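S.K.: Before I ask anything, let me first share the structure, which is written out below as structure tokens.
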Amino acid sequence: MDASNIPEVHYRIPGLAGGGFPGHHRSRSGEGGFEFRRHAALADAPDARRLDLHASLRDPFGQWLVRINSLRQAVPVAVVADLSASMGFAGAQRKLDVLADFTRSLAWSAWRTGDSFAFVGADETLRRDWLLPATRQRGAGLALAQRLRGFAPTGRSARGLREAAVALPHRRALVFLVSDFHLPLPELREVLDALSHHAVVPVLLWQGEEFEPAAARGIVQVADPETGLRRWVWWRPALRERWRAARATRHAALMHLFAQRRLAPLTIDGVFDADAVTRYFLA
């Protein structure tokens, strides 16, 4: 695909960015930017070009004051991806294809913004073959997306996500934790605790067919992708309501867990929509 046709997402990190690499995001560092931060005495910041005459005349101590303006900074952006077998589920859209679209768009947007991009994949363990250290390479997302589309996950859990923090940049990063979040809640708590140093955006990938087969009624075969267990069920209205209730209960439990950590999840229920991701950050 032509890179010029990749949809961009516009994101921002909560609070102020840190570090010393010039970029797009607000920070509290530097002195020669364009965003006013404070005044300082000329003796402490000896740059007469930033002299503020009005502030100096109002100063009760008669000091010459200069304007201190913050520089815009770059931030590391990373995707921490669940690559367990459940992510291979295909409804109207294969989850890994949605992850590929998301990764390609985010990596391209990070490059356009001047930020670095990293990718960390895990299933039962941290997958060393799915680690991309922070890079500013233009086509990093394209190669990752192509690999994800051809990947057949077999991991029986996403327990390795707990180790993802060791592969992330040390600086506070904007981390997109992409998963269907079918892992047990105690394990998810450990994952979120390990990533607490960063600004985390949980990205929930669900497909409607996971919770409600397309058949109206009859005998339907269902499978657990992570254990490989299969069974036949008699699909009927009463069972449909039970499954819907189970989905609502699980969703409520996830939302409660995220709310406890002041995290606002981004839900992608179906295909990837770059504009929906941008609206998430503008809300």
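In the structure tokens, chains take the letters A, B, ... in the order shown, each chain's residues start at 1, and ligands count up from 1 in the order shown.
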Once you count only C-alpha atoms, what closest atom pair and distance in Å to one decimal does each residue of segment 162-189 of chain A within 12 Å of segment 103-114 of chain A have, with rows by chain and rising residue number, as a Markdown table?
M.R.:
| residue | atom | partner | partner_atom | distance |
| --- | --- | --- | --- | --- |
| A:Leu174 | CA | A:Ala110 | CA | 10.7 |
| A:Val175 | CA | A:Leu106 | CA | 11.1 |
| A:Phe176 | CA | A:Leu106 | CA | 9.7 |
| A:Leu177 | CA | A:Thr103 | CA | 11.3 |
| A:Val178 | CA | A:Thr103 | CA | 9.7 |
S.K.: Residues of the last selection are to be written out with C-alpha atoms, as a PDB file, in the first residue's frame.
M.R.:
ATOM      1  CA  LEU A 174       2.420   6.811  25.265  1.00  0.00           C
ATOM      2  CA  VAL A 175       1.661   3.077  25.325  1.00  0.00           C
ATOM      3  CA  PHE A 176      -1.245   1.481  23.483  1.00  0.00           C
ATOM      4  CA  LEU A 177      -2.031  -1.847  25.165  1.00  0.00           C
ATOM      5  CA  VAL A 178      -3.871  -3.745  22.403  1.00  0.00           C
TER       6      VAL A 178
END
S.K.: Give me, as CSV, each residue of segment 64-167 of chain A that comes within 12 Å of segment 257-269 of chain A, together with its shortest interatomic pair and the distance in Å at one decimal, counting only C-alpha atoms, with rows ordered by chain and rising residue number.
M.R.:
residue,atom,partner,partner_atom,distance
A:Gly91,CA,A:Asp269,CA,10.5
A:Ala92,CA,A:Asp269,CA,10.1
A:Gln93,CA,A:Asp269,CA,9.6
A:Arg94,CA,A:Asp269,CA,11.3
A:Lys95,CA,A:Asp269,CA,9.7
A:Val98,CA,A:Ile268,CA,8.5
A:Leu99,CA,A:Ile268,CA,9.9
A:Asp101,CA,A:Ile268,CA,11.6
A:Phe102,CA,A:Ile268,CA,9.9
S.K.: Residues near Leu53 of chain A, anyone? I mean within 9 Å using only C-alpha atoms, not counting same-chain ones fewer than 4 positions away, as an MDAnalysis selection string.
M.R.: chainID A and resid 57:58 64:66
S.K.: Per DSSP on the backbone, filter segment 56-141 of chain A down to the residues in strand (DSSP E) and report them as a ChimeraX atom specification.
M.R.: /A:65-70,73,76-82,116-122,126-135
S.K.: Restrict the selected residues to C-alpha atoms and save them as an mmCIF file, in the first residue's frame.
M.R.:
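Saved file out03.cif follows:
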data_model
loop_
_atom_site.group_PDB
_atom_site.id
_atom_site.type_symbol
_atom_site.label_atom_id
_atom_site.label_comp_id
_atom_site.auth_asym_id
_atom_site.auth_seq_id
_atom_site.Cartn_x
_atom_site.Cartn_y
_atom_site.Cartn_z
ATOM 1 C CA LEU A 65 12.715 40.066 33.573
ATOM 2 C CA VAL A 66 12.901 37.770 30.571
ATOM 3 C CA ARG A 67 10.263 35.378 29.240
ATOM 4 C CA ILE A 68 10.920 31.648 29.611
ATOM 5 C CA ASN A 69 9.116 29.768 26.846
ATOM 6 C CA SER A 70 8.780 25.975 26.798
ATOM 7 C CA GLN A 73 9.183 17.803 22.788
ATOM 8 C CA PRO A 76 8.084 7.682 22.575
ATOM 9 C CA VAL A 77 4.987 5.920 21.217
ATOM 10 C CA ALA A 78 4.620 2.162 21.628
ATOM 11 C CA VAL A 79 2.196 -0.655 20.915
ATOM 12 C CA VAL A 80 2.149 -3.506 23.433
ATOM 13 C CA ALA A 81 0.235 -6.259 21.662
ATOM 14 C CA ASP A 82 -1.450 -9.424 22.873
ATOM 15 C CA SER A 116 9.732 7.384 17.918
ATOM 16 C CA PHE A 117 7.720 4.163 17.597
ATOM 17 C CA ALA A 118 8.203 0.803 19.315
ATOM 18 C CA PHE A 119 6.348 -2.517 19.215
ATOM 19 C CA VAL A 120 6.273 -5.255 21.859
ATOM 20 C CA GLY A 121 4.410 -8.536 21.286
ATOM 21 C CA ALA A 122 3.699 -11.226 23.860
ATOM 22 C CA LEU A 126 7.596 -11.972 25.846
ATOM 23 C CA ARG A 127 8.139 -12.682 22.156
ATOM 24 C CA ARG A 128 11.671 -11.648 21.246
ATOM 25 C CA ASP A 129 10.805 -12.118 17.564
ATOM 26 C CA TRP A 130 8.092 -9.470 17.947
ATOM 27 C CA LEU A 131 10.182 -6.718 19.520
ATOM 28 C CA LEU A 132 10.847 -3.495 17.654
ATOM 29 C CA PRO A 133 13.012 -1.085 19.679
ATOM 30 C CA ALA A 134 12.085 2.599 19.506
ATOM 31 C CA THR A 135 12.799 3.828 15.991
#
S.K.: Go through A:Ala145, A:Ala194, A:Val277, A:Val271 and flag the residue nearest Ala90 of chain A, using only C-alpha atoms for the distances.
M.R.: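 Smallest distance to Ala90 of chain A is found for A:Val271.
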S.K.: Give the answer as one residue: which of A:Val233, A:Leu148, A:Ala199, A:Val191 has the shortest atom-to-atom distance to Ala164 of chain A, using only C-alpha atoms?
M.R.: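 Closest candidate: A:Val191.
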S.K.: For the atom pair atom CA of Leu71 of chain A and atom CA of Asp47 of chain A, what is the interatomic distance in Å to one decimal place?
M.R.: 15.8 Å
